[in-house]
Amino acid sequence: MFQMFKEWFWLERFWLPPTTKWSDLEDHDGLVFVKPSHLCMSIPYAFGLIIIRHFFEKFIASPLAKTIGIKEEVRKKITPNTVLENFFKHSTRKPSQTDIYGLAKKCNLTERQVERWFRSRRNQDRPCRMKKFQEACWRFTFYLMITIAGIAFLYDKPWVYDLWEVWNGYPRQPLLPSQYWYYILEMSFYWSLLFSLGSDIKRKDFLAHVIHHLAAVSLMSFSWCANYIRSGTLVMILHDVADIWLESAKMFSYAGWKQTCNILFFIFSIIFFISRLIIFPFWILYFTLILPLQYLEPFFSCIFLNLQLMVLQILNLYWGYFILKMLKRCIFTKNIQDVRSDDEDEYEEEEVEEEKKKEEATKGKETDDLKNGLGANRHLIPNGQHGC
C-alpha cells in the first residue's frame with residue numbers, strides 16, 4: 001500500500017515537464033542535482049537552531065535588552081482563589097457584570113475585588129517586554145545573516161539580472177553548494193518557528209503565522225523537489241530583506257525608543273511595499289506564471305508552484321493591510337503600535353492604570369464630599385465643640 005502511494009506520488013508527470021524523467025536528474029560528470037532526501041536535514045538543523053536560539057536569547061538578547069533600558073518585570077502575585085481560577089481557565093478571561101456579581105456572592109467578595117482579581121490574573125499571562133525583545137532580536141539576527149548570505153550567494157548569478165535564465169535548461173539545472181545551504185538554512189528556520197509556536201508570544205494573527213510558516217516550508221520543499229531552485233532563491237531574498245527592518249523596529253519599540261522605531265518602521269514599510277507588493281507580483285510571478293508558457297507545456301508542478309506563490313501573495317496583502325493601519329496610527333497619533341497584537345493581554349497595564357485612576361478619583365470625591373458636608377453643617381455643632 002505504502003509502496004503504491006510512493007510510486008503514485010513521485011510520478012514524473014506530476015513533478016517534471018513532459019518528456020523529462022527522474023533519470024535525467026541523476027548526478028553525473030561532477031554535477032549534483034536536487035534530491036528530496038536532502039530536505040530531511042532541515043529537521044535536525046531546525047532543532048539545532050532552537051538550541052542556538054535558547055543560548056542567544058539568554059546570553060546575547062537579554063544583556064542587550066538591559067543595556068538599552070528594558071528591565072525584567074516583577075509582577076505582583078495574586079491571592080489564590082480556586083473558584084475564580086476555574087472560571088478564568090474554563091469559562092472566560094473577561095467575565096460579564098452578571099458573572100462578577102455571581103462570583104462575588106460565591107466567594108464572599110465585593111464585586112470590585114473580583115474585578116481586580118481578574119485584571120491581575122490576566123496581567124499574569126501578559127508577555128513581558130523582555131520576552132518580546134528576545135524573540136524580535138533572534139529573528140532580526142537570523143534575517144540579517146541570511147539576507148547577507150543570500151546576497152553573497154546570488155550577486156554573481158545570471159538569473160538575478162536576467163530572469164530568462166530562471167528557465168534556461170530547466171529542469172536539468174545542477175545544484176550549487178551555496179543554493180543547498182541557503183535553502184536548507186531557510187527551511188530549518190521556518191521549521192524551528194513552527195516548533196516553537198507553542199512557547200512564543202501568541203498574537204492576534206497567530207493563525208496567519210501558522211499558515212505563513214506552513215506555506216513557506218511547503219513552497220520551499222516543493223520547489224526543491226521539482227528543481228525550481230533559481231526562482232526559489234529570488235522569492236526568499238525578496239521576503240527576507242524587509243523582515244530585517246520590521247524586527248529592528250520592534251526591538252526599539254519594546255525599548256521605548258519611539259523616534260528610532262518610527263524611522264525603522266517607515267523604512268520597513270517602503271521596502272515591504274516595493275519588494276512584496278510590486279516586485280514579487282509583477283516581476284517574480286510574471287516569470288513563474290507567464291514566461292514558462294513560452295518554454296514548456298503546462299504541467300502539474302508548475303501550476304501548483306504558482307498556486308502556492310499566490311497564497312503567499314495573499315498573505316502579503318493581508319499583512320500589507322495591517323501595515324497601512326499602523327502607518328495611519330503613526331501619522332495621526334505619532335505612535336506606532338503593532339495592531340496585530342491588540343488582543344486583551346496587550347492592554348492589561350492600561351486597565352490597571354485606569355483602575356488606579358478611578359480609585360484615586362473615587363477617594364478624592366469622597367474626601368471632598370466629607371469636607372463639604374462638614375463645612376456645610378458646622379453651624380449645627382455647638383460652640384466650644386469644634387475641636388472635638
# chains A, B, ... in the order shown; residues from 1 in each chain; ligands from 1
$ closest_atom_pairs --of "stretch 110-208 of chain A" --to "stretch 285-293 of chain A" --cutoff "8 Å" --atoms "only C-alpha atoms" --output "CSV"
residue,atom,partner,partner_atom,distance
A:Leu163,CA,A:Phe287,CA,6.9
A:Trp164,CA,A:Phe287,CA,7.8
A:Trp167,CA,A:Pro292,CA,7.3
$ write_last_selection --atoms "N, CA, C and O atoms" --output "PDB file, in the first residue's frame"
ATOM      1  N   LEU A 163      15.999  37.343 -15.824  1.00  0.00           N
ATOM      2  CA  LEU A 163      15.092  36.311 -15.342  1.00  0.00           C
ATOM      3  C   LEU A 163      14.788  35.235 -16.384  1.00  0.00           C
ATOM      4  O   LEU A 163      14.237  34.190 -16.041  1.00  0.00           O
ATOM      5  N   TRP A 164      15.171  35.481 -17.623  1.00  0.00           N
ATOM      6  CA  TRP A 164      15.021  34.408 -18.605  1.00  0.00           C
ATOM      7  C   TRP A 164      15.894  33.217 -18.228  1.00  0.00           C
ATOM      8  O   TRP A 164      15.587  32.071 -18.575  1.00  0.00           O
ATOM      9  N   TRP A 167      14.656  29.845 -16.394  1.00  0.00           N
ATOM     10  CA  TRP A 167      14.144  28.664 -17.105  1.00  0.00           C
ATOM     11  C   TRP A 167      15.137  28.089 -18.108  1.00  0.00           C
ATOM     12  O   TRP A 167      14.823  27.092 -18.770  1.00  0.00           O
TER      13      TRP A 167
END
$ closest_atom_pairs --of "stretch 255-284 of chain A" --to "stretch 325-334 of chain A" --cutoff "10 Å" --atoms "only C-alpha atoms" --output "Markdown table"
| residue | atom | partner | partner_atom | distance |
| --- | --- | --- | --- | --- |
| A:Lys258 | CA | A:Lys334 | CA | 9.0 |
| A:Gln259 | CA | A:Lys334 | CA | 9.1 |
| A:Asn262 | CA | A:Cys330 | CA | 7.7 |
| A:Phe265 | CA | A:Leu327 | CA | 8.6 |
| A:Phe266 | CA | A:Leu327 | CA | 7.9 |
| A:Ser269 | CA | A:Leu327 | CA | 8.4 |
$ write_last_selection --atoms "C-alpha atoms" --output "mmCIF file, in the first residue's frame"
data_model
loop_
_atom_site.group_PDB
_atom_site.id
_atom_site.type_symbol
_atom_site.label_atom_id
_atom_site.label_comp_id
_atom_site.auth_asym_id
_atom_site.auth_seq_id
_atom_site.Cartn_x
_atom_site.Cartn_y
_atom_site.Cartn_z
ATOM 1 C CA LYS A 258 9.831 55.734 19.718
ATOM 2 C CA GLN A 259 11.530 58.016 17.210
ATOM 3 C CA ASN A 262 9.141 55.100 13.725
ATOM 4 C CA PHE A 265 9.156 51.166 10.565
ATOM 5 C CA PHE A 266 8.844 53.655 7.719
ATOM 6 C CA SER A 269 7.060 49.823 5.022
#
$ residues_around --residues "A:Trp245" --least-positions-apart "3" --cutoff "8 Å" --atoms "only C-alpha atoms" --output "VMD selection string"
chain A and resid 140 241 to 242 248 to 249 264 to 265 267 to 268
$ atom_distance --atom1 "atom CA of A:Thr141" --atom2 "atom CA of A:Phe280"
23.8 Å
$ select_by_dssp --residues "stretch 173-248 of chain A" --states "alpha helix (DSSP H)" --output "JSON, numbers by chain"
{"A": [177, 178, 179, 180, 181, 182, 183, 184, 185, 186, 187, 188, 189, 190, 191, 192, 193, 194, 195, 206, 207, 208, 209, 210, 211, 212, 213, 214, 215, 216, 217, 218, 219, 220, 221, 222, 223, 224, 225, 229, 230, 231, 232, 233, 234, 235, 236, 237, 238, 239, 240, 241, 242, 243, 244, 245, 246, 247, 248]}
$ residues_around --residues "A:Leu234" --least-positions-apart "4" --cutoff "10 Å" --atoms "only C-alpha atoms" --output "ChimeraX atom specification"
/A:150,154,159-160,163,166,229-230,238-239,280,284
$ atom_distance --atom1 "atom CA of A:Ala226" --atom2 "atom CA of A:Pro171"
7.8 Å
$ closest_residue --among "A:Glu7, A:Leu312, A:Gln97, A:Tyr182" --to "A:His209" --atoms "only C-alpha atoms"
A:Leu312
$ residues_around --residues "A:Glu111" --least-positions-apart "3" --cutoff "7 Å" --atoms "only C-alpha atoms" --output "PyMOL selection string"
chain A and resi 100-101+104+114-115
$ write_last_selection --atoms "N, CA and C atoms" --output "PDB file, in the first residue's frame"
ATOM      1  N   ILE A 100     -19.613  38.541  37.390  1.00  0.00           N
ATOM      2  CA  ILE A 100     -18.888  39.128  38.523  1.00  0.00           C
ATOM      3  C   ILE A 100     -19.762  39.145  39.769  1.00  0.00           C
ATOM      4  N   TYR A 101     -21.036  39.495  39.595  1.00  0.00           N
ATOM      5  CA  TYR A 101     -21.962  39.535  40.734  1.00  0.00           C
ATOM      6  C   TYR A 101     -22.102  38.147  41.355  1.00  0.00           C
ATOM      7  N   ALA A 104     -18.839  37.055  43.060  1.00  0.00           N
ATOM      8  CA  ALA A 104     -18.639  37.803  44.317  1.00  0.00           C
ATOM      9  C   ALA A 104     -19.452  37.168  45.440  1.00  0.00           C
ATOM     10  N   VAL A 114     -13.451  41.207  42.876  1.00  0.00           N
ATOM     11  CA  VAL A 114     -13.461  40.212  41.802  1.00  0.00           C
ATOM     12  C   VAL A 114     -12.906  40.813  40.507  1.00  0.00           C
ATOM     13  N   GLU A 115     -13.316  42.039  40.210  1.00  0.00           N
ATOM     14  CA  GLU A 115     -12.802  42.712  39.015  1.00  0.00           C
ATOM     15  C   GLU A 115     -11.285  42.862  39.085  1.00  0.00           C
TER      16      GLU A 115
END
$ residues_around --residues "A:Ser192" --least-positions-apart "5" --cutoff "7 Å" --atoms "only C-alpha atoms" --output "list of chain:residue names"
A:Ala46, A:Phe47, A:Leu49, A:Ile50
$ write_last_selection --atoms "all heavy atoms" --output "tab-separated table (two decimals), in the first residue's frame"
chain	number	residue	atom	x	y	z
A	46	ALA	N	16.76	22.35	12.31
A	46	ALA	CA	15.75	23.18	12.98
A	46	ALA	C	15.89	23.08	14.49
A	46	ALA	O	15.85	24.09	15.21
A	46	ALA	CB	14.35	22.76	12.55
A	47	PHE	N	16.06	21.85	15.00
A	47	PHE	CA	16.27	21.69	16.44
A	47	PHE	C	17.59	22.31	16.87
A	47	PHE	O	17.71	22.84	17.98
A	47	PHE	CB	16.22	20.20	16.81
A	47	PHE	CG	14.83	19.63	16.77
A	47	PHE	CD1	14.44	18.77	15.75
A	47	PHE	CD2	13.91	19.94	17.75
A	47	PHE	CE1	13.16	18.24	15.70
A	47	PHE	CE2	12.62	19.43	17.73
A	47	PHE	CZ	12.25	18.57	16.69
A	49	LEU	N	18.83	25.01	15.53
A	49	LEU	CA	18.54	26.45	15.61
A	49	LEU	C	17.78	26.80	16.89
A	49	LEU	O	18.00	27.87	17.48
A	49	LEU	CB	17.73	26.88	14.39
A	49	LEU	CG	18.50	27.04	13.08
A	49	LEU	CD1	17.55	27.37	11.94
A	49	LEU	CD2	19.57	28.11	13.20
A	50	ILE	N	16.90	25.90	17.34
A	50	ILE	CA	16.16	26.15	18.58
A	50	ILE	C	17.14	26.19	19.77
A	50	ILE	O	17.02	27.04	20.66
A	50	ILE	CB	15.09	25.07	18.80
A	50	ILE	CG1	13.97	25.23	17.76
A	50	ILE	CG2	14.50	25.15	20.21
A	50	ILE	CD1	12.93	24.12	17.79
$ closest_residue --among "A:Ile184, A:Trp257, A:Cys107, A:Thr20" --to "A:Ile68" --atoms "only C-alpha atoms"
A:Trp257
$ atom_distance --atom1 "atom CA of A:Arg126" --atom2 "atom CA of A:Lys204"
13.3 Å
